[in-house]
Amino acid sequence: MAQGAGPGLRLLPVLLQLPGLLQLLGLPAAHGNSTGSDSLYVSEYFSQSAQKLSFYSWYGNAKVFHFHVPEDTVLLRWLLQASRGKEPECTSMEVTVHFRYGAPPVINPLGTQFPANATVHPSYNISITLSSAVQNTTFVNVTSPAAGDWFIAAHLPEAAGRIEVKGFSTPCTYMFQADMFVLRLADMPVLEPGVAMPQTIISPAKPLHVKVFVPKYTARMWFELRSCVTSEQKACSVRVVLGSITLPQSFQKIITCTGNVNCSLGLDSLPWEKWLQIMVESLGTANASVSMEMLISFTDCRPGSTSSFLNFSLNQSQAGSGPGSTGTAGSPTQSTGTALRNASEQRSFCLQNQPVVREDLDVVSVRYRLLNGPAVPVYSISPTLLLLNLKTGMDSGGSLVVNLLLNKTSLSQANATVVACLSAASPVLSLNTTQKCSTAFFQGYPLSVSTSSAEAMVIVLYPQTDDWFLSLQLICTKGQGECNAAEAKVTIIAYLTPCFNDCGPYGQCSLLRRHGYLYAGCSCKAGWSGWSCTDDTKAQSVGAQNLATLLLTLSNLMFLPAIAVAVYRYYLVEASVYTYTMFFSTFYHACDQPGVAVMCIMDYDTLQYCDFLGSVVSIWVTILCMSRVLFVLGTLLIAMSLQLDRRGVWNMMGPCLFALVIMIAAWVYHGVKRRHCYPSSWKRWVFYLLPGITLAFIAISVYAFMETNENYYYTHSIWHVLVAGSVAFLLPPRDKHKKPWAWSQKLTCRYQICQNDREELYAVT
């Protein structure tokens, strides 16, 4: 895999002359460069294995694809392939595909609520319909895409909520695969700041691509296009596009230049330390080339810093900090705060840096610690700036949380407000004039605190991979003059967490993986929904949760009659199995509840296994008790099969059918031997066997076809009652040579003479 490649497999990087390449791939007309000859392009192809699609109920059902777009890419083409199986169960289906630059798409197919302080932009998505065709192939083209991580998420419509028993039906298989083709310019011209560079557009079909590097601490860029003429010596008409396309929102700047008049554009807050693509295309006649000059100039920003890492270390050592010290010494902050109150000194800087330490805690878990303490001084003349590093490539799968808390006693101006802006790639340096939280190519997240509202929070779901900046500045409503000597202390808490608030009490934070990329999502329960399980629109009340728990647990007490009948008829093995099943089923369902009514007496996995094992073995021993064979061997095989797949329907149906075959064979044998129907009593059939069989079939029907997520508490409780009732009816009668409750006679501890009660031994020969 070449450097810079994402998890996709690069199949071919090739160097071809552009016309032949585009003809081979069936792409649009060629692009040209300033020399008038064919440009050298590199084509690269990335592919990932297909994934099985799922119906959507939470983010874990969406299948995520992660790609990396190289620098200087002028064309990106997605090849999306959706297919379905040929089974009769397969019907027409709509596949939704979401795209996003920099982080996984934030989607909301169910229309649920997001956390209160989260600002979400709707995702860019398309729909692919699978109707009569088994496969659908769709192409999505993106011109001048931004370099870096791109993500695709695909899913089926909302899940129906029906609980399907594995093995009763074969669900239709829907597959989705995403491939990425990129075409990048190998020799893209570079503009030098302050130098007018001549460029040529060969024809309208061949746009010109150039780039310029934006240095760090750039406050403003000025672009100018001049001396524009055509080869026919006519006034030119061109369109200039600055910036690259990002999804779901794109902030490309477009200007149209006509005539001989110079056209220009100024941009504030550009992405620092990145390449900025500029595309110029001719709007004139087809055969006319266009010549022009392009000039780029930058206005830099002189940063001021309130401390340094070296000063921090020296202060820590002088203070004699212990091992548990967090390094929030007050002396550096106080000295620098006093110095910065000098307005003339503040005017010499366009921003005040606050050093921040990134502390990696766990996967997708980061804490940002300010060296000068959590409280930072904020002024009106220049913004206070904090850098939050989210560039590791593994940070975009969580939630970035920034909390501001104003110290009211530190603010001398009662009508002043501290405004803040959280933005990616570049900071906002003009909050005191524009008060707009947006950069040249990014819409930021605004915050504000004042004496009337001293706390503010913003949650960024799946923040894009980049440097993030938090800018803070003091604003006075009556004019900035009264704020020049004012200062505000704001406590800043910033951290990256897999799931905000750990999904709350009614959710579970799950870490998801696609190849080597990790991201997190919330799986909600007890009717709660939403990105962080904060939507209580369909939430169950505490009373409903308690009722559901009582139904699922106390319904197992219906095994008590079956246990009593088994003990009365001296079937101690069966009675012990029913007791085992009743115990573990009760406490498994008490531990399996989604809400607050939960009690786990041991590990959940152990309880689940014992419940499944007891349920199947209860049916097994009941049926075989009617034929009296193969107890232990069958039980051992059931234990093995349940460990392989606990939810497979044949783990229950297989032993039951096998036991039925053995029972029928035994009954046929007894009937042939005795030359009359077995069991011979019609009362046994009418009052025991037929009711027991009926209850068993109703129980299987409820378990296999009627259970859904909504009615699970009721239908599964009915299953408990019906199974326990059928067991009590189907147990065979006691041996007529043994008295009721004969098991108590075996508990005496003494030697006894054994007597064989079999009828054949008393026959006269």
# chains A, B, ... in the order shown; residues from 1 in each chain; ligands from 1
call {"tool": "residues_around", "arguments": {"residues": "Phe587 in chain A", "least_positions_apart": "4", "cutoff": "8 Å", "atoms": "only C-alpha atoms", "output": "ChimeraX atom specification"}}
result
/A:553,583,591,599-601,607
call {"tool": "write_last_selection", "arguments": {"atoms": "N, CA, C and O atoms", "output": "short mmCIF file (atom, residue, chain, number, x, y, z; two decimals), in the first residue's frame"}}
result
data_model
loop_
_atom_site.label_atom_id
_atom_site.label_comp_id
_atom_site.auth_asym_id
_atom_site.auth_seq_id
_atom_site.Cartn_x
_atom_site.Cartn_y
_atom_site.Cartn_z
N THR A 553 -40.04 -12.94 34.91
CA THR A 553 -39.44 -13.76 35.98
C THR A 553 -40.49 -14.63 36.69
O THR A 553 -40.29 -15.84 36.84
N PHE A 583 -35.03 -21.90 37.88
CA PHE A 583 -34.11 -21.01 38.59
C PHE A 583 -33.33 -20.12 37.62
O PHE A 583 -33.31 -18.88 37.77
N CYS A 591 -31.69 -10.42 34.87
CA CYS A 591 -30.43 -9.77 34.50
C CYS A 591 -30.48 -9.19 33.09
O CYS A 591 -29.71 -8.29 32.76
N MET A 599 -31.32 -7.27 38.04
CA MET A 599 -30.57 -7.93 39.11
C MET A 599 -29.81 -9.10 38.50
O MET A 599 -30.41 -10.00 37.90
N CYS A 600 -28.49 -9.10 38.64
CA CYS A 600 -27.64 -10.16 38.11
C CYS A 600 -26.92 -10.84 39.26
O CYS A 600 -26.16 -10.20 39.99
N ILE A 601 -27.18 -12.13 39.44
CA ILE A 601 -26.54 -12.87 40.53
C ILE A 601 -25.21 -13.47 40.10
O ILE A 601 -24.44 -13.92 40.95
N LEU A 607 -25.52 -16.97 32.88
CA LEU A 607 -26.97 -17.08 33.06
C LEU A 607 -27.67 -17.40 31.74
O LEU A 607 -28.60 -18.22 31.71
#
call {"tool": "residues_around", "arguments": {"residues": "Arg514 in chain A", "least_positions_apart": "5", "cutoff": "8 Å", "atoms": "only C-alpha atoms", "output": "mmCIF file with C-alpha atoms, in the first residue's frame"}}
result
data_model
loop_
_atom_site.group_PDB
_atom_site.id
_atom_site.type_symbol
_atom_site.label_atom_id
_atom_site.label_comp_id
_atom_site.auth_asym_id
_atom_site.auth_seq_id
_atom_site.Cartn_x
_atom_site.Cartn_y
_atom_site.Cartn_z
ATOM 1 C CA VAL A 64 -18.866 2.186 7.141
ATOM 2 C CA PHE A 65 -16.195 2.453 4.433
ATOM 3 C CA HIS A 66 -13.037 4.507 5.010
#
call {"tool": "closest_residue", "arguments": {"among": "A:Gln464, A:Ser399, A:Thr299, A:Gln177", "to": "Gly521 in chain A", "atoms": "only C-alpha atoms"}}
result
A:Ser399
call {"tool": "residues_around", "arguments": {"residues": "range 379-381 of chain A", "least_positions_apart": "6", "cutoff": "6 Å", "atoms": "only C-alpha atoms", "output": "number ranges by chain"}}
result
A: 473-474, 483-484, 487
call {"tool": "closest_residue", "arguments": {"among": "A:Gly102, A:Gly259, A:Pro594, A:Gly614", "to": "Ile245 in chain A", "atoms": "only C-alpha atoms"}}
result
A:Gly102
call {"tool": "residues_around", "arguments": {"residues": "Asn556 in chain A", "least_positions_apart": "6", "cutoff": "8 Å", "atoms": "only C-alpha atoms", "output": "VMD selection string"}}
result
chain A and resid 582 585 to 586 717 720 to 721 724
call {"tool": "write_last_selection", "arguments": {"atoms": "C-alpha atoms", "output": "short mmCIF file (atom, residue, chain, number, x, y, z; two decimals), in the first residue's frame"}}
result
data_model
loop_
_atom_site.label_atom_id
_atom_site.label_comp_id
_atom_site.auth_asym_id
_atom_site.auth_seq_id
_atom_site.Cartn_x
_atom_site.Cartn_y
_atom_site.Cartn_z
CA MET A 582 -37.00 -22.40 36.54
CA SER A 585 -34.67 -18.67 33.52
CA THR A 586 -35.91 -16.48 36.36
CA SER A 717 -43.94 -14.72 29.52
CA HIS A 720 -42.91 -19.70 29.90
CA VAL A 721 -46.45 -20.49 31.09
CA ALA A 724 -44.36 -25.32 31.93
#
call {"tool": "select_by_dssp", "arguments": {"residues": "range 438-615 of chain A", "states": "strand (DSSP E)", "output": "compact mmCIF listing (two decimals) with all heavy atoms, in the first residue's frame"}}
result
# COMPACT_ATOMS: atom_id res chain seq x y z
N TYR A 445 -18.67 26.33 15.38
CA TYR A 445 -19.67 26.11 16.42
C TYR A 445 -19.56 27.25 17.43
O TYR A 445 -18.57 27.34 18.17
CB TYR A 445 -19.44 24.76 17.11
CG TYR A 445 -19.53 23.58 16.18
CD1 TYR A 445 -18.42 23.16 15.46
CD2 TYR A 445 -20.73 22.91 16.00
CE1 TYR A 445 -18.50 22.07 14.59
CE2 TYR A 445 -20.83 21.82 15.14
CZ TYR A 445 -19.71 21.42 14.43
OH TYR A 445 -19.80 20.35 13.58
N PRO A 446 -20.56 28.15 17.49
CA PRO A 446 -20.46 29.32 18.38
C PRO A 446 -20.85 29.00 19.81
O PRO A 446 -21.70 28.14 20.08
CB PRO A 446 -21.44 30.30 17.74
CG PRO A 446 -22.47 29.43 17.08
CD PRO A 446 -21.75 28.18 16.64
N LEU A 447 -20.23 29.72 20.75
CA LEU A 447 -20.57 29.66 22.17
C LEU A 447 -20.47 31.06 22.74
O LEU A 447 -19.78 31.92 22.19
CB LEU A 447 -19.63 28.74 22.95
CG LEU A 447 -19.51 27.27 22.57
CD1 LEU A 447 -18.32 27.07 21.65
CD2 LEU A 447 -19.33 26.41 23.82
N SER A 448 -21.13 31.30 23.85
CA SER A 448 -21.03 32.59 24.54
C SER A 448 -21.40 32.41 26.00
O SER A 448 -22.27 31.59 26.34
CB SER A 448 -21.95 33.63 23.88
OG SER A 448 -23.31 33.26 24.03
N VAL A 449 -20.71 33.17 26.86
CA VAL A 449 -21.00 33.18 28.29
C VAL A 449 -21.03 34.63 28.76
O VAL A 449 -20.32 35.49 28.23
CB VAL A 449 -19.95 32.37 29.09
CG1 VAL A 449 -20.10 30.89 28.84
CG2 VAL A 449 -18.54 32.82 28.75
N SER A 450 -21.84 34.89 29.74
CA SER A 450 -21.96 36.23 30.31
C SER A 450 -22.39 36.09 31.77
O SER A 450 -22.56 34.97 32.28
CB SER A 450 -22.98 37.06 29.53
OG SER A 450 -24.27 36.47 29.59
N GLU A 455 -22.44 29.56 31.79
CA GLU A 455 -21.94 28.26 31.32
C GLU A 455 -22.46 27.98 29.92
O GLU A 455 -23.60 28.30 29.58
CB GLU A 455 -22.36 27.14 32.27
CG GLU A 455 -21.75 25.80 31.94
CD GLU A 455 -22.06 24.73 32.98
OE1 GLU A 455 -22.78 25.05 33.95
OE2 GLU A 455 -21.57 23.60 32.83
N ALA A 456 -21.61 27.38 29.10
CA ALA A 456 -21.98 27.01 27.72
C ALA A 456 -21.24 25.73 27.35
O ALA A 456 -20.13 25.49 27.82
CB ALA A 456 -21.65 28.13 26.75
N MET A 457 -21.90 24.95 26.53
CA MET A 457 -21.30 23.68 26.10
C MET A 457 -21.62 23.44 24.64
O MET A 457 -22.70 23.81 24.16
CB MET A 457 -21.84 22.52 26.95
CG MET A 457 -21.35 21.14 26.50
SD MET A 457 -22.18 19.76 27.34
CE MET A 457 -21.44 19.91 28.96
N VAL A 458 -20.70 22.81 23.93
CA VAL A 458 -20.94 22.38 22.56
C VAL A 458 -20.42 20.95 22.42
O VAL A 458 -19.39 20.58 23.00
CB VAL A 458 -20.26 23.32 21.54
CG1 VAL A 458 -18.75 23.29 21.68
CG2 VAL A 458 -20.67 22.95 20.12
N ILE A 459 -21.17 20.14 21.70
CA ILE A 459 -20.81 18.75 21.44
C ILE A 459 -20.68 18.57 19.94
O ILE A 459 -21.63 18.83 19.19
CB ILE A 459 -21.87 17.78 21.99
CG1 ILE A 459 -22.13 18.06 23.47
CG2 ILE A 459 -21.45 16.34 21.77
CD1 ILE A 459 -23.36 17.34 24.01
N VAL A 460 -19.52 18.16 19.49
CA VAL A 460 -19.28 17.91 18.07
C VAL A 460 -19.25 16.40 17.88
O VAL A 460 -18.33 15.72 18.36
CB VAL A 460 -17.96 18.54 17.60
CG1 VAL A 460 -17.76 18.31 16.11
CG2 VAL A 460 -17.95 20.03 17.91
N LEU A 461 -20.25 15.87 17.21
CA LEU A 461 -20.34 14.44 16.97
C LEU A 461 -19.47 14.08 15.78
O LEU A 461 -19.60 14.66 14.70
CB LEU A 461 -21.79 14.04 16.71
CG LEU A 461 -22.81 14.51 17.77
CD1 LEU A 461 -24.22 14.14 17.35
CD2 LEU A 461 -22.48 13.91 19.13
N ASP A 466 -8.47 16.81 12.02
CA ASP A 466 -7.79 18.08 11.74
C ASP A 466 -7.38 18.71 13.07
O ASP A 466 -7.68 18.19 14.15
CB ASP A 466 -8.72 19.04 10.98
CG ASP A 466 -7.96 19.86 9.93
OD1 ASP A 466 -6.81 20.25 10.23
OD2 ASP A 466 -8.50 20.07 8.84
N ASP A 467 -6.68 19.84 12.96
CA ASP A 467 -6.47 20.69 14.12
C ASP A 467 -7.74 21.50 14.37
O ASP A 467 -8.27 22.12 13.45
CB ASP A 467 -5.28 21.63 13.90
CG ASP A 467 -3.95 20.94 14.10
OD1 ASP A 467 -3.89 19.99 14.89
OD2 ASP A 467 -2.97 21.35 13.45
N TRP A 468 -8.19 21.51 15.61
CA TRP A 468 -9.36 22.30 15.99
C TRP A 468 -8.91 23.48 16.85
O TRP A 468 -7.99 23.34 17.68
CB TRP A 468 -10.38 21.45 16.75
CG TRP A 468 -11.16 20.54 15.85
CD1 TRP A 468 -10.69 19.41 15.23
CD2 TRP A 468 -12.52 20.68 15.44
NE1 TRP A 468 -11.67 18.84 14.46
CE2 TRP A 468 -12.82 19.59 14.58
CE3 TRP A 468 -13.52 21.59 15.73
CZ2 TRP A 468 -14.07 19.41 14.01
CZ3 TRP A 468 -14.78 21.41 15.17
CH2 TRP A 468 -15.04 20.34 14.31
N PHE A 469 -9.55 24.62 16.64
CA PHE A 469 -9.18 25.84 17.34
C PHE A 469 -10.38 26.38 18.10
O PHE A 469 -11.50 26.40 17.57
CB PHE A 469 -8.68 26.91 16.36
CG PHE A 469 -7.43 26.52 15.61
CD1 PHE A 469 -7.50 25.85 14.39
CD2 PHE A 469 -6.18 26.81 16.13
CE1 PHE A 469 -6.36 25.49 13.71
CE2 PHE A 469 -5.02 26.46 15.45
CZ PHE A 469 -5.11 25.80 14.24
N LEU A 470 -10.11 26.81 19.33
CA LEU A 470 -11.12 27.48 20.14
C LEU A 470 -10.67 28.93 20.34
O LEU A 470 -9.65 29.19 20.99
CB LEU A 470 -11.29 26.79 21.49
CG LEU A 470 -12.31 27.42 22.45
CD1 LEU A 470 -13.71 27.36 21.85
CD2 LEU A 470 -12.28 26.74 23.81
N SER A 471 -11.42 29.85 19.75
CA SER A 471 -11.12 31.28 19.86
C SER A 471 -12.10 31.92 20.84
O SER A 471 -13.31 31.67 20.76
CB SER A 471 -11.24 31.97 18.50
OG SER A 471 -10.43 31.32 17.53
N LEU A 472 -11.58 32.75 21.75
CA LEU A 472 -12.41 33.46 22.73
C LEU A 472 -12.04 34.93 22.72
O LEU A 472 -10.86 35.29 22.65
CB LEU A 472 -12.21 32.89 24.14
CG LEU A 472 -12.49 31.41 24.37
CD1 LEU A 472 -11.19 30.62 24.33
CD2 LEU A 472 -13.19 31.18 25.71
N GLN A 473 -13.07 35.79 22.81
CA GLN A 473 -12.83 37.23 22.82
C GLN A 473 -13.93 37.91 23.61
O GLN A 473 -15.08 37.45 23.65
CB GLN A 473 -12.76 37.78 21.40
CG GLN A 473 -12.02 39.09 21.28
CD GLN A 473 -11.54 39.35 19.85
OE1 GLN A 473 -11.82 38.58 18.94
NE2 GLN A 473 -10.82 40.45 19.67
N LEU A 474 -13.58 39.04 24.23
CA LEU A 474 -14.51 39.79 25.06
C LEU A 474 -15.21 40.85 24.23
O LEU A 474 -14.57 41.61 23.50
CB LEU A 474 -13.76 40.44 26.23
CG LEU A 474 -14.59 40.98 27.39
CD1 LEU A 474 -15.39 39.88 28.05
CD2 LEU A 474 -13.67 41.67 28.40
N ILE A 475 -16.54 40.89 24.31
CA ILE A 475 -17.36 41.83 23.54
C ILE A 475 -18.18 42.68 24.52
O ILE A 475 -18.78 42.15 25.46
CB ILE A 475 -18.31 41.09 22.58
CG1 ILE A 475 -17.52 40.15 21.67
CG2 ILE A 475 -19.12 42.07 21.75
CD1 ILE A 475 -16.63 40.83 20.68
N CYS A 476 -18.19 43.98 24.28
CA CYS A 476 -19.02 44.89 25.08
C CYS A 476 -20.14 45.44 24.21
O CYS A 476 -19.91 45.87 23.06
CB CYS A 476 -18.18 46.04 25.64
SG CYS A 476 -17.08 45.53 26.98
N ALA A 488 -11.67 38.84 31.50
CA ALA A 488 -12.59 37.81 31.99
C ALA A 488 -11.82 36.51 32.14
O ALA A 488 -10.98 36.17 31.30
CB ALA A 488 -13.77 37.63 31.05
N LYS A 489 -12.11 35.77 33.20
CA LYS A 489 -11.52 34.46 33.42
C LYS A 489 -12.56 33.39 33.07
O LYS A 489 -13.65 33.37 33.63
CB LYS A 489 -11.08 34.30 34.88
CG LYS A 489 -9.86 35.13 35.25
CD LYS A 489 -8.62 34.60 34.53
CE LYS A 489 -7.37 35.34 35.00
NZ LYS A 489 -7.02 35.04 36.39
N VAL A 490 -12.18 32.53 32.14
CA VAL A 490 -13.09 31.48 31.67
C VAL A 490 -12.41 30.13 31.90
O VAL A 490 -11.28 29.91 31.45
CB VAL A 490 -13.44 31.66 30.19
CG1 VAL A 490 -14.36 30.53 29.72
CG2 VAL A 490 -14.09 33.01 29.95
N THR A 491 -13.10 29.26 32.59
CA THR A 491 -12.61 27.89 32.79
C THR A 491 -13.03 27.05 31.58
O THR A 491 -14.21 27.02 31.21
CB THR A 491 -13.19 27.28 34.07
OG1 THR A 491 -12.76 28.08 35.18
CG2 THR A 491 -12.71 25.86 34.27
N ILE A 492 -12.07 26.36 31.00
CA ILE A 492 -12.31 25.59 29.78
C ILE A 492 -12.05 24.12 30.08
O ILE A 492 -10.98 23.76 30.57
CB ILE A 492 -11.40 26.07 28.63
CG1 ILE A 492 -11.68 27.55 28.33
CG2 ILE A 492 -11.62 25.22 27.38
CD1 ILE A 492 -10.75 28.15 27.30
N ILE A 493 -13.03 23.30 29.78
CA ILE A 493 -12.90 21.84 29.89
C ILE A 493 -13.16 21.26 28.51
O ILE A 493 -14.25 21.44 27.95
CB ILE A 493 -13.89 21.27 30.92
CG1 ILE A 493 -13.65 21.90 32.30
CG2 ILE A 493 -13.76 19.76 31.00
CD1 ILE A 493 -14.67 21.49 33.34
N ALA A 494 -12.17 20.60 27.96
CA ALA A 494 -12.30 20.02 26.63
C ALA A 494 -11.81 18.57 26.67
O ALA A 494 -10.77 18.28 27.26
CB ALA A 494 -11.49 20.82 25.61
N TYR A 495 -12.57 17.69 26.05
CA TYR A 495 -12.18 16.28 26.02
C TYR A 495 -12.87 15.59 24.85
O TYR A 495 -13.89 16.05 24.32
CB TYR A 495 -12.53 15.58 27.33
CG TYR A 495 -14.00 15.61 27.71
CD1 TYR A 495 -14.87 14.59 27.33
CD2 TYR A 495 -14.52 16.68 28.44
CE1 TYR A 495 -16.21 14.63 27.67
CE2 TYR A 495 -15.86 16.73 28.79
CZ TYR A 495 -16.70 15.70 28.40
OH TYR A 495 -18.02 15.74 28.73
N LEU A 496 -12.27 14.48 24.45
CA LEU A 496 -12.83 13.62 23.41
C LEU A 496 -13.25 12.32 24.07
O LEU A 496 -12.46 11.69 24.78
CB LEU A 496 -11.79 13.34 22.32
CG LEU A 496 -12.23 12.41 21.18
CD1 LEU A 496 -13.22 13.12 20.26
CD2 LEU A 496 -11.03 11.93 20.37
N THR A 497 -14.50 11.93 23.86
CA THR A 497 -15.04 10.73 24.49
C THR A 497 -15.70 9.85 23.42
O THR A 497 -16.21 10.36 22.43
CB THR A 497 -16.07 11.10 25.58
OG1 THR A 497 -16.58 9.91 26.17
CG2 THR A 497 -17.22 11.91 25.00
N GLY A 507 -28.56 3.40 27.77
CA GLY A 507 -27.82 3.09 26.55
C GLY A 507 -26.52 2.40 26.86
O GLY A 507 -26.03 2.42 27.99
N GLN A 508 -25.97 1.78 25.84
CA GLN A 508 -24.68 1.10 25.97
C GLN A 508 -23.76 1.61 24.88
O GLN A 508 -24.11 1.60 23.70
CB GLN A 508 -24.85 -0.42 25.87
CG GLN A 508 -23.54 -1.18 25.95
CD GLN A 508 -23.72 -2.68 25.86
OE1 GLN A 508 -24.85 -3.16 25.78
NE2 GLN A 508 -22.64 -3.42 25.84
N CYS A 509 -22.58 2.08 25.27
CA CYS A 509 -21.59 2.59 24.31
C CYS A 509 -20.81 1.41 23.75
O CYS A 509 -20.16 0.67 24.50
CB CYS A 509 -20.66 3.60 24.99
SG CYS A 509 -19.49 4.37 23.86
N SER A 510 -20.87 1.25 22.44
CA SER A 510 -20.20 0.13 21.79
C SER A 510 -19.10 0.66 20.88
O SER A 510 -19.30 1.64 20.15
CB SER A 510 -21.19 -0.70 20.96
OG SER A 510 -22.22 -1.23 21.79
N LEU A 511 -17.95 0.03 20.92
CA LEU A 511 -16.83 0.40 20.06
C LEU A 511 -16.91 -0.46 18.81
O LEU A 511 -16.84 -1.69 18.87
CB LEU A 511 -15.50 0.18 20.79
CG LEU A 511 -14.29 0.90 20.22
CD1 LEU A 511 -14.49 2.41 20.25
CD2 LEU A 511 -13.03 0.52 21.00
N LEU A 512 -17.05 0.18 17.66
CA LEU A 512 -17.22 -0.50 16.39
C LEU A 512 -15.91 -0.43 15.60
O LEU A 512 -15.10 0.48 15.79
CB LEU A 512 -18.35 0.14 15.59
CG LEU A 512 -19.67 0.32 16.37
CD1 LEU A 512 -20.65 1.17 15.58
CD2 LEU A 512 -20.28 -1.03 16.69
N ARG A 513 -15.73 -1.36 14.68
CA ARG A 513 -14.47 -1.42 13.94
C ARG A 513 -14.72 -1.73 12.47
O ARG A 513 -15.56 -2.56 12.13
CB ARG A 513 -13.55 -2.48 14.53
CG ARG A 513 -12.19 -2.60 13.83
CD ARG A 513 -11.31 -3.61 14.54
NE ARG A 513 -11.85 -4.96 14.42
CZ ARG A 513 -11.57 -5.79 13.40
NH1 ARG A 513 -10.77 -5.39 12.43
NH2 ARG A 513 -12.10 -6.99 13.36
N ARG A 514 -14.00 -1.02 11.61
CA ARG A 514 -13.97 -1.32 10.19
C ARG A 514 -12.51 -1.38 9.79
O ARG A 514 -11.83 -0.35 9.73
CB ARG A 514 -14.72 -0.25 9.38
CG ARG A 514 -14.57 -0.39 7.87
CD ARG A 514 -15.05 -1.74 7.37
NE ARG A 514 -15.00 -1.81 5.92
CZ ARG A 514 -15.12 -2.93 5.21
NH1 ARG A 514 -15.31 -4.07 5.84
NH2 ARG A 514 -15.04 -2.91 3.90
N TYR A 517 -9.92 0.95 11.57
CA TYR A 517 -10.53 2.19 12.04
C TYR A 517 -11.57 1.89 13.10
O TYR A 517 -12.43 1.00 12.93
CB TYR A 517 -11.17 2.94 10.87
CG TYR A 517 -11.83 4.23 11.27
CD1 TYR A 517 -11.07 5.36 11.57
CD2 TYR A 517 -13.21 4.32 11.39
CE1 TYR A 517 -11.67 6.54 11.97
CE2 TYR A 517 -13.82 5.50 11.78
CZ TYR A 517 -13.04 6.60 12.06
OH TYR A 517 -13.63 7.77 12.46
N LEU A 518 -11.52 2.64 14.22
CA LEU A 518 -12.44 2.43 15.33
C LEU A 518 -13.34 3.65 15.50
O LEU A 518 -12.89 4.80 15.39
CB LEU A 518 -11.66 2.20 16.63
CG LEU A 518 -10.76 0.96 16.67
CD1 LEU A 518 -9.96 0.92 17.95
CD2 LEU A 518 -11.58 -0.31 16.52
N TYR A 519 -14.61 3.41 15.78
CA TYR A 519 -15.57 4.47 16.05
C TYR A 519 -16.61 3.92 17.01
O TYR A 519 -16.73 2.70 17.21
CB TYR A 519 -16.22 4.98 14.76
CG TYR A 519 -16.92 3.92 13.94
CD1 TYR A 519 -18.31 3.82 13.94
CD2 TYR A 519 -16.21 3.01 13.16
CE1 TYR A 519 -18.96 2.85 13.20
CE2 TYR A 519 -16.85 2.04 12.41
CZ TYR A 519 -18.22 1.96 12.44
OH TYR A 519 -18.86 0.99 11.71
N ALA A 520 -17.34 4.81 17.65
CA ALA A 520 -18.25 4.40 18.72
C ALA A 520 -19.69 4.77 18.37
O ALA A 520 -19.95 5.68 17.59
CB ALA A 520 -17.85 5.06 20.04
N GLY A 521 -20.62 4.05 18.98
CA GLY A 521 -22.04 4.31 18.79
C GLY A 521 -22.84 3.86 20.00
O GLY A 521 -22.39 2.99 20.77
N CYS A 522 -24.02 4.43 20.18
CA CYS A 522 -24.88 4.12 21.32
C CYS A 522 -26.00 3.17 20.90
O CYS A 522 -26.72 3.43 19.93
CB CYS A 522 -25.49 5.40 21.90
SG CYS A 522 -24.32 6.43 22.82
N SER A 523 -26.14 2.09 21.65
CA SER A 523 -27.26 1.17 21.48
C SER A 523 -28.23 1.39 22.64
O SER A 523 -27.88 1.15 23.80
CB SER A 523 -26.76 -0.28 21.47
OG SER A 523 -27.83 -1.18 21.40
N CYS A 524 -29.43 1.87 22.32
CA CYS A 524 -30.38 2.28 23.35
C CYS A 524 -31.31 1.13 23.75
O CYS A 524 -31.47 0.16 23.01
CB CYS A 524 -31.21 3.48 22.86
SG CYS A 524 -30.22 4.88 22.29
call {"tool": "closest_residue", "arguments": {"among": "A:Glu89, A:Asp360, A:Glu158, A:Glu707", "to": "Trp58 in chain A", "atoms": "only C-alpha atoms"}}
result
A:Glu158
call {"tool": "atom_distance", "arguments": {"atom1": "CA of Ser57 in chain A", "atom2": "CA of Leu110 in chain A"}}
result
7.8 Å
call {"tool": "closest_residue", "arguments": {"among": "A:Ile202, A:Leu247, A:Leu730, A:Ala375", "to": "Leu283 in chain A", "atoms": "only C-alpha atoms"}}
result
A:Ile202
call {"tool": "closest_residue", "arguments": {"among": "A:Ile255, A:Met663, A:Ala160, A:Val668", "to": "Glu710 in chain A", "atoms": "only C-alpha atoms"}}
result
A:Ala160
